[in-house]
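Dumped start-v4.cif below, it's mmCIF, C-alpha atoms and all ligand atoms:
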```cif
data_coords
loop_
_atom_site.label_atom_id
_atom_site.label_comp_id
_atom_site.auth_asym_id
_atom_site.auth_seq_id
_atom_site.Cartn_x
_atom_site.Cartn_y
_atom_site.Cartn_z
CA MET A 1260 59.31 99.40 77.32
CA ARG A 1261 59.83 103.14 76.96
CA LEU A 1262 62.94 105.10 76.20
CA PRO A 1263 64.38 107.10 79.11
CA ARG A 1264 64.61 110.88 78.68
CA PHE A 1265 67.63 112.29 76.83
CA GLU A 1266 68.76 115.36 74.93
CA TYR A 1267 69.28 114.99 71.20
CA SER A 1268 71.38 116.67 68.58
CA GLY A 1269 71.77 115.86 64.88
CA PRO A 1270 74.89 117.71 63.65
CA ASN A 1271 75.34 118.01 59.88
CA THR A 1272 79.15 118.07 59.85
CA LEU A 1273 81.76 115.80 61.39
CA GLU A 1274 83.38 118.80 63.02
CA LYS A 1275 80.18 119.70 64.86
CA ALA A 1276 79.72 116.07 65.95
CA LEU A 1277 83.27 115.98 67.36
CA ASP A 1278 82.69 119.30 69.17
CA LEU A 1279 79.58 117.87 70.83
CA LEU A 1280 81.43 114.69 71.77
CA ALA A 1281 84.30 116.69 73.26
CA THR A 1282 81.80 118.68 75.35
CA HIS A 1283 79.57 115.86 76.60
CA ARG A 1284 82.14 112.99 76.65
CA GLU A 1285 80.92 110.11 78.90
CA ASP A 1286 77.41 111.63 79.10
CA ALA A 1287 76.97 111.25 75.34
CA LYS A 1288 76.35 108.30 73.05
CA ILE A 1289 76.55 108.17 69.27
CA LEU A 1290 73.29 107.19 67.58
CA ALA A 1291 73.83 105.61 64.15
CA GLY A 1292 70.95 103.32 63.14
CA GLY A 1293 69.93 102.81 66.78
CA THR A 1294 69.11 99.11 66.32
CA ASP A 1295 71.48 98.14 69.13
CA LEU A 1296 71.61 101.35 71.18
CA LEU A 1297 67.88 102.07 71.45
CA VAL A 1298 67.09 98.47 72.39
CA ARG A 1299 69.60 98.67 75.25
CA MET A 1300 68.17 102.01 76.37
CA LYS A 1301 64.65 100.60 76.39
CA LYS A 1302 65.83 97.72 78.56
CA GLY A 1303 67.36 100.18 81.03
CA LEU A 1304 70.87 98.87 80.33
CA LEU A 1305 72.15 102.39 79.75
CA THR A 1306 70.79 105.89 80.18
CA PRO A 1307 72.89 108.42 78.24
CA LYS A 1308 71.98 112.06 78.89
CA PHE A 1309 72.81 113.10 75.34
CA LEU A 1310 72.47 111.40 71.95
CA ILE A 1311 74.50 112.62 68.98
CA SER A 1312 72.85 111.36 65.82
CA LEU A 1313 74.87 110.59 62.69
CA LYS A 1314 71.72 110.72 60.56
CA ALA A 1315 72.61 113.98 58.81
CA LEU A 1316 76.31 113.10 58.42
CA ASN A 1317 76.22 112.02 54.78
CA GLU A 1318 79.99 112.57 54.63
CA LEU A 1319 80.38 109.33 56.63
CA SER A 1320 78.37 107.22 54.19
CA TYR A 1321 80.39 105.90 51.21
CA ILE A 1322 82.21 102.92 49.75
CA LYS A 1323 85.24 103.73 47.60
CA GLU A 1324 88.48 102.21 46.39
CA ASP A 1325 91.94 103.69 45.94
CA THR A 1326 95.51 102.42 45.88
CA ASP A 1327 95.39 101.56 49.62
CA GLY A 1328 92.33 99.34 49.28
CA ILE A 1329 88.65 99.83 50.07
CA LYS A 1330 87.40 102.62 52.34
CA ILE A 1331 83.97 102.48 53.95
CA GLY A 1332 82.41 105.37 55.88
CA ALA A 1333 81.27 104.37 59.37
CA ARG A 1334 77.68 105.48 58.79
CA THR A 1335 77.30 103.43 55.59
CA PRO A 1336 74.10 101.36 55.80
CA LEU A 1337 74.52 97.58 55.76
CA ALA A 1338 72.17 97.56 52.76
CA ASP A 1339 74.69 99.59 50.70
CA ILE A 1340 77.46 97.13 51.54
CA ILE A 1341 75.26 94.19 50.57
CA ALA A 1342 74.38 95.89 47.28
CA SER A 1343 77.99 96.83 46.47
CA ASP A 1344 79.55 94.88 43.56
CA LEU A 1345 82.97 96.11 44.71
CA ILE A 1346 82.57 94.53 48.18
CA GLN A 1347 81.05 91.38 46.71
CA LYS A 1348 84.04 90.98 44.38
CA LYS A 1349 86.92 92.23 46.52
CA ALA A 1350 85.82 91.45 50.09
CA PRO A 1351 83.18 88.70 49.80
CA ALA A 1352 83.47 87.75 53.49
CA LEU A 1353 82.15 91.20 54.47
CA SER A 1354 79.36 91.08 51.91
CA GLU A 1355 78.22 87.71 53.26
CA ALA A 1356 78.49 88.80 56.90
CA CYS A 1357 76.32 91.90 56.33
CA ARG A 1358 73.77 89.77 54.50
CA LYS A 1359 73.48 87.64 57.63
CA VAL A 1360 72.95 90.45 60.15
CA GLY A 1361 69.62 90.24 61.98
CA ALA A 1362 66.92 90.70 59.42
CA VAL A 1363 66.28 92.54 56.18
CA THR A 1364 64.58 95.31 58.15
CA ILE A 1365 67.77 95.94 60.14
CA GLN A 1366 70.00 95.79 57.05
CA HIS A 1367 67.76 97.99 54.91
CA TYR A 1368 66.13 100.33 57.37
CA ARG A 1369 68.78 101.57 59.73
CA GLY A 1370 71.73 99.31 60.66
CA THR A 1371 75.16 100.76 59.80
CA ILE A 1372 78.58 99.12 59.57
CA GLY A 1373 80.03 101.37 62.31
CA GLY A 1374 77.18 100.47 64.66
CA ASN A 1375 77.64 96.82 63.78
CA ILE A 1376 81.29 96.87 64.84
CA LEU A 1377 80.56 98.94 67.95
CA GLN A 1378 77.42 97.18 69.13
CA ASP A 1379 77.78 96.19 72.76
CA ASN A 1380 78.84 92.68 73.79
CA ARG A 1381 75.93 90.47 74.73
CA CYS A 1382 75.05 87.91 77.42
CA PHE A 1383 71.70 86.25 78.08
CA HIS A 1384 72.09 86.84 81.81
CA TYR A 1385 72.33 90.59 81.19
CA ASN A 1386 70.49 91.57 77.98
CA GLN A 1387 67.14 91.43 79.72
CA SER A 1388 64.60 93.92 80.98
CA ASP A 1389 65.03 95.91 84.23
CA PHE A 1390 62.29 93.78 85.76
CA HIS A 1391 64.03 90.51 84.89
CA ARG A 1392 67.40 91.68 86.23
CA SER A 1393 65.93 93.17 89.41
CA GLY A 1394 65.03 89.66 90.65
CA ARG A 1395 68.59 88.68 91.48
CA GLN A 1396 72.04 89.86 92.51
CA ALA A 1397 73.72 92.22 90.06
CA CYS A 1398 76.56 90.85 87.92
CA HIS A 1399 79.77 92.77 87.03
CA LYS A 1400 78.16 94.47 84.05
CA ASP A 1401 75.26 95.62 86.21
CA GLY A 1402 77.56 97.06 88.88
CA GLY A 1403 77.86 93.90 91.02
CA LYS A 1404 80.74 91.56 91.79
CA ILE A 1405 79.78 88.23 90.27
CA CYS A 1406 79.50 86.68 86.84
CA TYR A 1407 76.75 84.18 86.10
CA ALA A 1408 78.51 82.93 82.98
CA ARG A 1409 81.81 81.90 84.59
CA ASP A 1410 82.04 80.58 88.15
CA VAL A 1411 85.09 82.53 89.26
CA SER A 1412 85.66 85.69 87.29
CA ASP A 1413 86.83 89.16 88.24
CA ARG A 1414 85.45 90.59 85.00
CA CYS A 1415 82.58 90.47 82.55
CA ASN A 1416 82.76 87.76 79.89
CA SER A 1417 79.97 89.04 77.65
CA THR A 1418 80.36 87.98 74.04
CA CYS A 1419 80.98 89.93 70.85
CA GLN A 1420 78.34 88.70 68.38
CA SER A 1421 79.09 91.14 65.58
CA ASP A 1422 79.01 89.48 62.16
CA GLY A 1423 80.70 92.47 60.55
CA ALA A 1424 83.61 92.67 62.99
CA THR A 1425 84.39 88.96 62.60
CA ALA A 1426 84.55 89.24 58.81
CA LEU A 1427 86.50 92.50 58.91
CA MET A 1428 89.08 91.09 61.31
CA ALA A 1429 89.64 88.17 58.93
CA LEU A 1430 90.29 90.73 56.18
CA GLY A 1431 92.88 92.50 58.35
CA ALA A 1432 90.80 95.70 58.43
CA LYS A 1433 91.81 98.90 60.20
CA LEU A 1434 89.64 101.54 61.85
CA VAL A 1435 90.02 105.30 61.59
CA LEU A 1436 89.07 106.97 64.88
CA ALA A 1437 88.67 110.73 65.15
CA GLY A 1438 88.42 113.11 68.09
CA LYS A 1439 88.45 116.92 68.13
CA GLY A 1440 91.81 117.83 66.59
CA HIS A 1441 93.17 114.31 66.26
CA GLN A 1442 92.87 111.13 64.26
CA ARG A 1443 94.39 107.68 64.75
CA ILE A 1444 94.31 104.39 62.88
CA VAL A 1445 94.17 101.05 64.71
CA ASN A 1446 94.14 97.46 63.54
CA LEU A 1447 90.74 96.01 64.33
CA GLU A 1448 92.57 93.19 66.12
CA ASN A 1449 94.03 95.70 68.60
CA PHE A 1450 90.78 97.57 69.17
CA TYR A 1451 89.44 95.34 71.95
CA THR A 1452 89.95 95.38 75.71
CA THR A 1453 89.69 92.22 77.79
CA ASP A 1454 86.60 93.41 79.65
CA GLY A 1455 83.07 92.82 78.37
CA ILE A 1456 81.79 95.91 80.24
CA ALA A 1457 83.79 98.27 78.02
CA PRO A 1458 84.92 96.01 75.16
CA PHE A 1459 86.42 98.67 72.86
CA ALA A 1460 89.63 100.69 73.15
CA LEU A 1461 87.72 103.82 72.15
CA GLU A 1462 87.99 107.08 74.10
CA ALA A 1463 84.78 108.85 75.16
CA HIS A 1464 85.57 111.78 72.84
CA GLU A 1465 86.28 109.56 69.82
CA LEU A 1466 84.13 108.60 66.87
CA LEU A 1467 84.68 105.81 64.34
CA THR A 1468 84.81 107.50 60.95
CA GLN A 1469 86.14 104.96 58.46
CA ILE A 1470 86.95 101.30 57.93
CA LEU A 1471 89.96 100.42 55.75
CA ILE A 1472 90.14 97.06 53.98
CA PRO A 1473 93.54 96.26 52.43
CA GLU A 1474 94.07 94.96 48.91
CA GLY A 1475 94.00 91.21 48.32
CA CYS A 1476 90.84 90.16 50.16
CA ASP A 1477 89.01 88.56 47.23
CA ARG A 1478 89.63 85.01 48.48
CA SER A 1479 87.69 85.41 51.67
CA ALA A 1480 84.54 83.83 53.06
CA TYR A 1481 82.19 83.97 56.02
CA GLN A 1482 80.02 81.34 57.67
CA ARG A 1483 77.77 81.52 60.69
CA LEU A 1484 75.46 79.42 62.77
CA ALA A 1485 72.32 80.82 64.40
CA TYR A 1486 69.07 79.30 65.63
CA ARG A 1487 67.08 80.86 62.82
CA SER A 1488 68.16 82.28 59.48
CA ALA A 1489 66.72 85.68 60.42
CA ILE A 1490 66.47 87.88 63.53
CA ASP A 1491 68.99 85.80 65.48
CA TYR A 1492 72.56 86.73 66.36
CA PRO A 1493 75.30 84.20 65.54
CA ILE A 1494 76.13 81.61 68.20
CA VAL A 1495 79.32 80.73 66.30
CA CYS A 1496 80.75 82.34 63.17
CA ALA A 1497 83.98 82.29 61.19
CA GLY A 1498 85.67 84.61 58.70
CA VAL A 1499 88.66 83.46 56.68
CA LEU A 1500 91.08 84.94 54.17
CA LEU A 1501 93.41 82.95 51.91
CA LYS A 1502 96.19 84.76 50.06
CA ALA A 1503 97.80 83.29 46.96
CA SER A 1504 101.55 82.95 46.54
CA ASP A 1505 103.06 85.28 43.88
CA THR A 1506 104.91 82.40 42.26
CA GLN A 1507 102.67 79.35 42.90
CA LYS A 1508 99.10 80.38 42.11
CA ASP A 1509 97.63 77.16 43.51
CA GLU A 1510 99.42 77.61 46.84
CA ILE A 1511 98.32 79.51 49.97
CA ALA A 1512 100.95 82.09 50.89
CA ASP A 1513 99.15 83.38 53.97
CA ALA A 1514 95.87 82.77 55.77
CA ARG A 1515 93.77 84.41 58.44
CA ILE A 1516 91.18 82.51 60.45
CA VAL A 1517 88.91 84.50 62.78
CA VAL A 1518 86.20 83.01 64.95
CA GLY A 1519 83.33 85.12 66.29
CA ALA A 1520 80.69 84.80 69.04
CA MET A 1521 83.17 82.76 71.09
CA GLY A 1522 84.78 85.45 73.21
CA ARG A 1523 84.82 89.08 74.30
CA SER A 1524 86.08 89.96 70.81
CA PRO A 1525 86.39 88.11 67.51
CA LEU A 1526 89.40 85.79 67.86
CA PHE A 1527 92.22 85.89 65.31
CA LEU A 1528 93.69 82.39 65.59
CA ALA A 1529 97.31 82.78 64.54
CA LYS A 1530 98.40 79.20 65.17
CA ALA A 1531 95.54 77.63 63.21
CA SER A 1532 96.06 80.19 60.41
CA SER A 1533 99.77 79.40 60.13
CA LEU A 1534 99.01 75.71 59.48
CA LEU A 1535 97.72 76.69 56.03
CA LYS A 1536 100.85 78.45 54.81
CA GLY A 1537 102.31 76.63 51.80
CA LYS A 1538 99.29 74.31 51.44
CA LYS A 1539 97.40 73.84 48.18
CA TYR A 1540 93.94 75.33 47.69
CA ARG A 1541 92.57 71.84 47.11
CA ASP A 1542 94.11 70.34 50.26
CA LEU A 1543 90.94 69.56 52.24
CA GLU A 1544 92.91 67.58 54.82
CA ALA A 1545 94.92 70.70 55.66
CA PHE A 1546 91.63 72.63 56.03
CA ARG A 1547 90.34 69.97 58.45
CA THR A 1548 93.52 70.16 60.53
CA ALA A 1549 93.39 73.98 60.65
CA ALA A 1550 89.67 73.91 61.55
CA LYS A 1551 90.32 71.50 64.42
CA ALA A 1552 93.20 73.69 65.65
CA ALA A 1553 90.87 76.72 65.48
CA MET A 1554 88.36 74.90 67.65
CA ASP A 1555 91.01 73.99 70.24
CA SER A 1556 92.30 77.57 70.37
CA ALA A 1557 88.86 79.23 70.59
CA GLU A 1558 87.40 76.94 73.25
CA PRO A 1559 89.08 78.49 76.37
CA PHE A 1560 87.66 81.95 75.53
CA ALA A 1561 83.99 81.00 75.38
CA VAL A 1562 81.42 80.90 78.17
CA HIS A 1563 77.85 79.68 78.15
CA ASN A 1564 76.02 82.98 77.67
CA VAL A 1565 74.68 83.37 74.12
CA GLY A 1566 72.43 80.34 73.65
CA ALA A 1567 73.02 76.68 72.71
CA THR A 1568 75.33 74.70 74.97
CA LEU A 1569 78.97 75.60 75.20
CA GLU A 1570 79.91 72.07 74.05
CA TYR A 1571 77.80 72.41 70.91
CA ARG A 1572 79.16 75.86 70.07
CA CYS A 1573 82.76 74.66 70.52
CA ALA A 1574 82.15 71.65 68.28
CA MET A 1575 80.62 73.89 65.64
CA VAL A 1576 83.71 76.13 65.45
CA SER A 1577 85.55 73.56 63.37
CA GLN A 1578 82.52 73.13 61.10
CA MET A 1579 82.17 76.86 60.46
CA VAL A 1580 85.90 77.30 59.86
CA PHE A 1581 86.09 74.31 57.51
CA LYS A 1582 83.07 75.49 55.50
CA ALA A 1583 84.50 79.00 55.22
CA LEU A 1584 87.91 77.68 54.09
CA GLU A 1585 86.27 75.47 51.49
CA GLN A 1586 84.25 78.43 50.21
CA ALA A 1587 87.25 80.75 50.02
CA ALA A 1588 89.28 78.05 48.24
CA CYS A 1589 86.46 77.54 45.73
CA ALA A 1590 86.67 81.24 44.87
CA ALA A 1591 90.40 80.73 44.25
CA VAL A 1592 90.32 77.62 42.09
CA GLY A 1593 86.85 78.10 40.61
C1 LIG B 1601 66.51 91.59 66.59
C2 LIG B 1601 67.95 91.98 66.35
C3 LIG B 1601 68.78 91.08 65.72
C4 LIG B 1601 70.12 91.43 65.47
N1 LIG B 1601 70.93 90.51 64.87
C5 LIG B 1601 72.23 90.81 64.63
C6 LIG B 1601 73.07 89.86 63.99
O1 LIG B 1601 72.65 88.77 63.62
N2 LIG B 1601 74.37 90.19 63.79
C7 LIG B 1601 74.88 91.40 64.18
O2 LIG B 1601 76.08 91.64 63.98
N3 LIG B 1601 74.09 92.33 64.78
C8 LIG B 1601 72.77 92.07 65.02
N4 LIG B 1601 71.96 93.00 65.63
C9 LIG B 1601 72.55 94.23 66.18
C10 LIG B 1601 72.41 95.49 65.30
O3 LIG B 1601 71.14 95.60 64.77
C11 LIG B 1601 73.40 95.52 64.14
O4 LIG B 1601 74.67 95.16 64.61
C12 LIG B 1601 73.49 96.90 63.50
O5 LIG B 1601 74.40 96.87 62.42
C13 LIG B 1601 73.91 97.99 64.47
O6 LIG B 1601 74.07 99.18 63.72
P1 LIG B 1601 73.35 100.53 64.16
O7 LIG B 1601 73.78 101.56 63.17
O8 LIG B 1601 71.89 100.35 64.29
O9 LIG B 1601 74.03 100.77 65.58
P2 LIG B 1601 73.58 101.71 66.78
O10 LIG B 1601 72.55 101.00 67.60
O11 LIG B 1601 73.23 103.06 66.34
O12 LIG B 1601 74.96 101.78 67.58
C14 LIG B 1601 75.54 100.66 68.20
C15 LIG B 1601 76.63 101.14 69.17
O13 LIG B 1601 77.71 101.68 68.44
C16 LIG B 1601 77.95 103.06 68.78
N5 LIG B 1601 78.28 103.72 67.51
C17 LIG B 1601 77.60 103.58 66.34
N6 LIG B 1601 78.27 104.22 65.36
C18 LIG B 1601 79.37 104.78 65.92
C19 LIG B 1601 80.45 105.55 65.42
N7 LIG B 1601 80.55 105.87 64.12
N8 LIG B 1601 81.42 105.95 66.28
C20 LIG B 1601 81.35 105.63 67.59
N9 LIG B 1601 80.34 104.89 68.13
C21 LIG B 1601 79.37 104.47 67.30
C22 LIG B 1601 76.66 103.53 69.42
O14 LIG B 1601 76.90 104.57 70.36
C23 LIG B 1601 76.17 102.25 70.09
O15 LIG B 1601 76.79 102.09 71.34
C24 LIG B 1601 70.61 92.70 65.87
C25 LIG B 1601 69.74 93.62 66.48
C26 LIG B 1601 68.43 93.26 66.72
C27 LIG B 1601 67.52 94.26 67.38
S1 LIG B 1602 79.30 87.66 81.28
FE1 LIG B 1602 78.94 87.66 83.49
S2 LIG B 1602 79.31 89.77 84.17
FE2 LIG B 1602 79.13 89.79 81.93
S3 LIG B 1602 76.99 90.28 81.53
FE3 LIG B 1602 77.15 88.03 81.57
S4 LIG B 1602 76.74 87.43 83.71
FE4 LIG B 1602 77.14 89.63 83.68
#
```

What would you get if you wrote out this structure as structure tokens?
Ligand SMILES: Cc1cc2nc3c(=O)[nH]c(=O)nc-3n(C[C@H](O)[C@H](O)[C@H](O)COP(=O)(O)OP(=O)(O)OC[C@H]3O[C@@H](n4cnc5c(N)ncnc54)[C@H](O)[C@@H]3O)c2cc1C
Ligand code: SF4
Amino acid sequence: MRLPRFEYSGPNTLEKALDLLATHREDAKILAGGTDLLVRMKKGLLTPKFLISLKALNELSYIKEDTDGIKIGARTPLADIIASDLIQKKAPALSEACRKVGAVTIQHYRGTIGGNILQDNRCFHYNQSDFHRSGRQACHKDGGKICYARDVSDRCNSTCQSDGATALMALGAKLVLAGKGHQRIVNLENFYTTDGIAPFALEAHELLTQILIPEGCDRSAYQRLAYRSAIDYPIVCAGVLLKASDTQKDEIADARIVVGAMGRSPLFLAKASSLLKGKKYRDLEAFRTAAKAAMDSAEPFAVHNVGATLEYRCAMVSQMVFKALEQAACAAVG
């Protein structure tokens, strides 16, 4: 498989990158590590005329902490996040999620956190070569009017399999998006559309510059299930955050349960999360109840399009959530 032809630019300042994006808009794509983008281009899934590389934008590669929490530049390599003691200590769910991405070669060679969040949604009916897809009627994402993953659907149900986004949503992270002359901050939870063809609420002239993780994420954990321990994307994953009460240290004041690889975006499950409020860190029965509620809430969003059977993936949601809750609670009570 060969890459299609494209023009390339590698600006060395954010300002120049935003100028290029404002000029080329829909014709351009951002190239971070390329481990998602270039694979899709080789498969003929997209043919951008212009690539804007972030390779020389060192100003977008950092991990730092201030009074607002932790700030991570969008071009920060996954390897730097894995190696960061700060992330390991204060946002362990993210550290674990990055450790699980693909393979060591992806984490250490090129993959970035921005690219991880913004990787395209996936579906085994679609993420195939041109040749494979040419043998049958096009689905919504290929410009057609049907969906192979759901019998009656007016839209694409491709699945978000980002490990990083699932963990970050559990942490209540925000994204800083910049365009020429403007900047806005959105909650990761509100960053998704309901259409797998264009899953992100990101304008063509906008770039992700920074990820903000609030204070108080040290009791967090991440679990995932994949066919193999390397190379494979998650078929179910869960990120959780448990917050301690100011007065009762052994009590959960607030919780966030997020399930990934089960829908068009990671799913923040508010009802299941609320079941943990006021419970003790050692209350395994409460964890089981919340994990079962998470499974029931996530099930309607999933379709059979990322491997394993849908029944198996649904059943595994409660397992992943329970394991993650147990792990986060262990960090709290030691
Ligand atoms: C074999 C294989 C296994 C993989 N397994 C996993 C896995 O288990 N879990 C997982 O989460 N991922 C997995 N991936 C996907 C991918 O490798 C990682 O998600 C990686 O972190 C993507 O980062 P990147 O910098 O290479 O992204 P790129 O490919 O450079 O970019 C991905 C997308 O994001 C856009 N983009 C990137 N940065 C920005 C920015 N700052 N602003 C705006 N748009 C931007 C690009 O235009 C592109 O559309 C796998 C990939 C492969 C090939
Ligand atoms: S979910 Fe449906 S429309 Fe979307 S890529 Fe898969 S088959 Fe195509």

When you look at Gly1519 (chain A) with a cut-off of 7 Å (counting only C-alpha atoms), what residues show up, excluding the ones that are within fewer than 2 positions of it in the same chain? I need them as a PyMOL selection string. chain A and resi 1420+1425+1495-1497+1517+1521+1525-1526

Can you list, as an mmCIF file with C-alpha atoms, in the frame of the given file, every protein, DNA or RNA residue that comes within 9 Å of Glu1448 (chain A) when you count only C-alpha atoms, leaving out same-chain residues fewer than 6 positions away?
```cif
data_model
loop_
_atom_site.group_PDB
_atom_site.id
_atom_site.type_symbol
_atom_site.label_atom_id
_atom_site.label_comp_id
_atom_site.auth_asym_id
_atom_site.auth_seq_id
_atom_site.Cartn_x
_atom_site.Cartn_y
_atom_site.Cartn_z
ATOM 1 C CA MET A 1428 89.080 91.090 61.310
ATOM 2 C CA GLY A 1431 92.880 92.500 58.350
ATOM 3 C CA ALA A 1432 90.800 95.700 58.430
ATOM 4 C CA LYS A 1433 91.810 98.900 60.200
ATOM 5 C CA SER A 1524 86.080 89.960 70.810
ATOM 6 C CA PRO A 1525 86.390 88.110 67.510
ATOM 7 C CA LEU A 1526 89.400 85.790 67.860
ATOM 8 C CA PHE A 1527 92.220 85.890 65.310
#
```

Excluding region 1379-1395 of chain A and its own-chain neighbours fewer than 3 positions away, which residues fall within 8 Å of it when counting only C-alpha atoms? Please give them as a VMD selection string. chain A and resid 1295 1299 1302 to 1304 1398 1400 to 1401 1407 to 1408 1417 to 1420 1455 to 1456 1458 1523 1564 to 1566

How far is it from CA of Gly1423 (chain A) to CA of Val1360 (chain A), in Å with one decimal? 8.0 Å

For CA of Ile1365 (chain A) and CA of Met1260 (chain A), determine how far apart the two atoms are, in Å to one decimal place.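 Spanning CA of Ile1365 (chain A) to CA of Met1260 (chain A) is a straight-line distance of 19.5 Å.
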
Spatial neighbours of region 1538-1540 of chain A, 8 Å, only C-alpha atoms, chain gap at least 3 places, as a ChimeraX atom specification: /A:1509-1512,1535,1543,1545,1588,1591-1592

Between A:Ala1514, A:Gly1370, A:Gly1522, A:Ile1405, single out the one closest to Leu1569 (chain A), counting only C-alpha atoms.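 Looking only at the distances to Leu1569 (chain A), the closest residue turns out to be A:Gly1522.
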
Please enclose the listed atoms of region 1329-1332 of chain A in an axis-aligned box, pad each side by 3 Å, and write out the centre and the three edge lengths in Å, rounded to one decimal, as JSON.
```
{"center_x": 85.5, "center_y": 102.6, "center_z": 53.0, "size_x": 12.2, "size_y": 11.5, "size_z": 11.8}
```

Quick one: distance from CA of Ile1516 (chain A) to CA of Ala1429 (chain A) in Å, one decimal? 6.1 Å

Closest to ligand LIG 1602 (chain B) among A:Pro1307, A:Gly1402, A:Gly1332, A:Gly1293, using only C-alpha atoms and all ligand atoms?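 Residue with the minimum atom-to-atom distance to ligand LIG 1602 (chain B): A:Gly1402.
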
Which of these, A:Arg1284, A:Lys1308, A:Lys1530, A:Lys1275, has the shortest distance to Ala1552 (chain A) once you count only C-alpha atoms?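 With only C-alpha atoms as the atom set, the closest residue is A:Lys1530.
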
Counting only C-alpha atoms, write as a PyMOL selection string all protein and nucleic acid residues lying at most 10 Å from (91.0, 108.6, 72.9) in the file's frame. chain A and resi 1436-1439+1441-1443+1460-1466
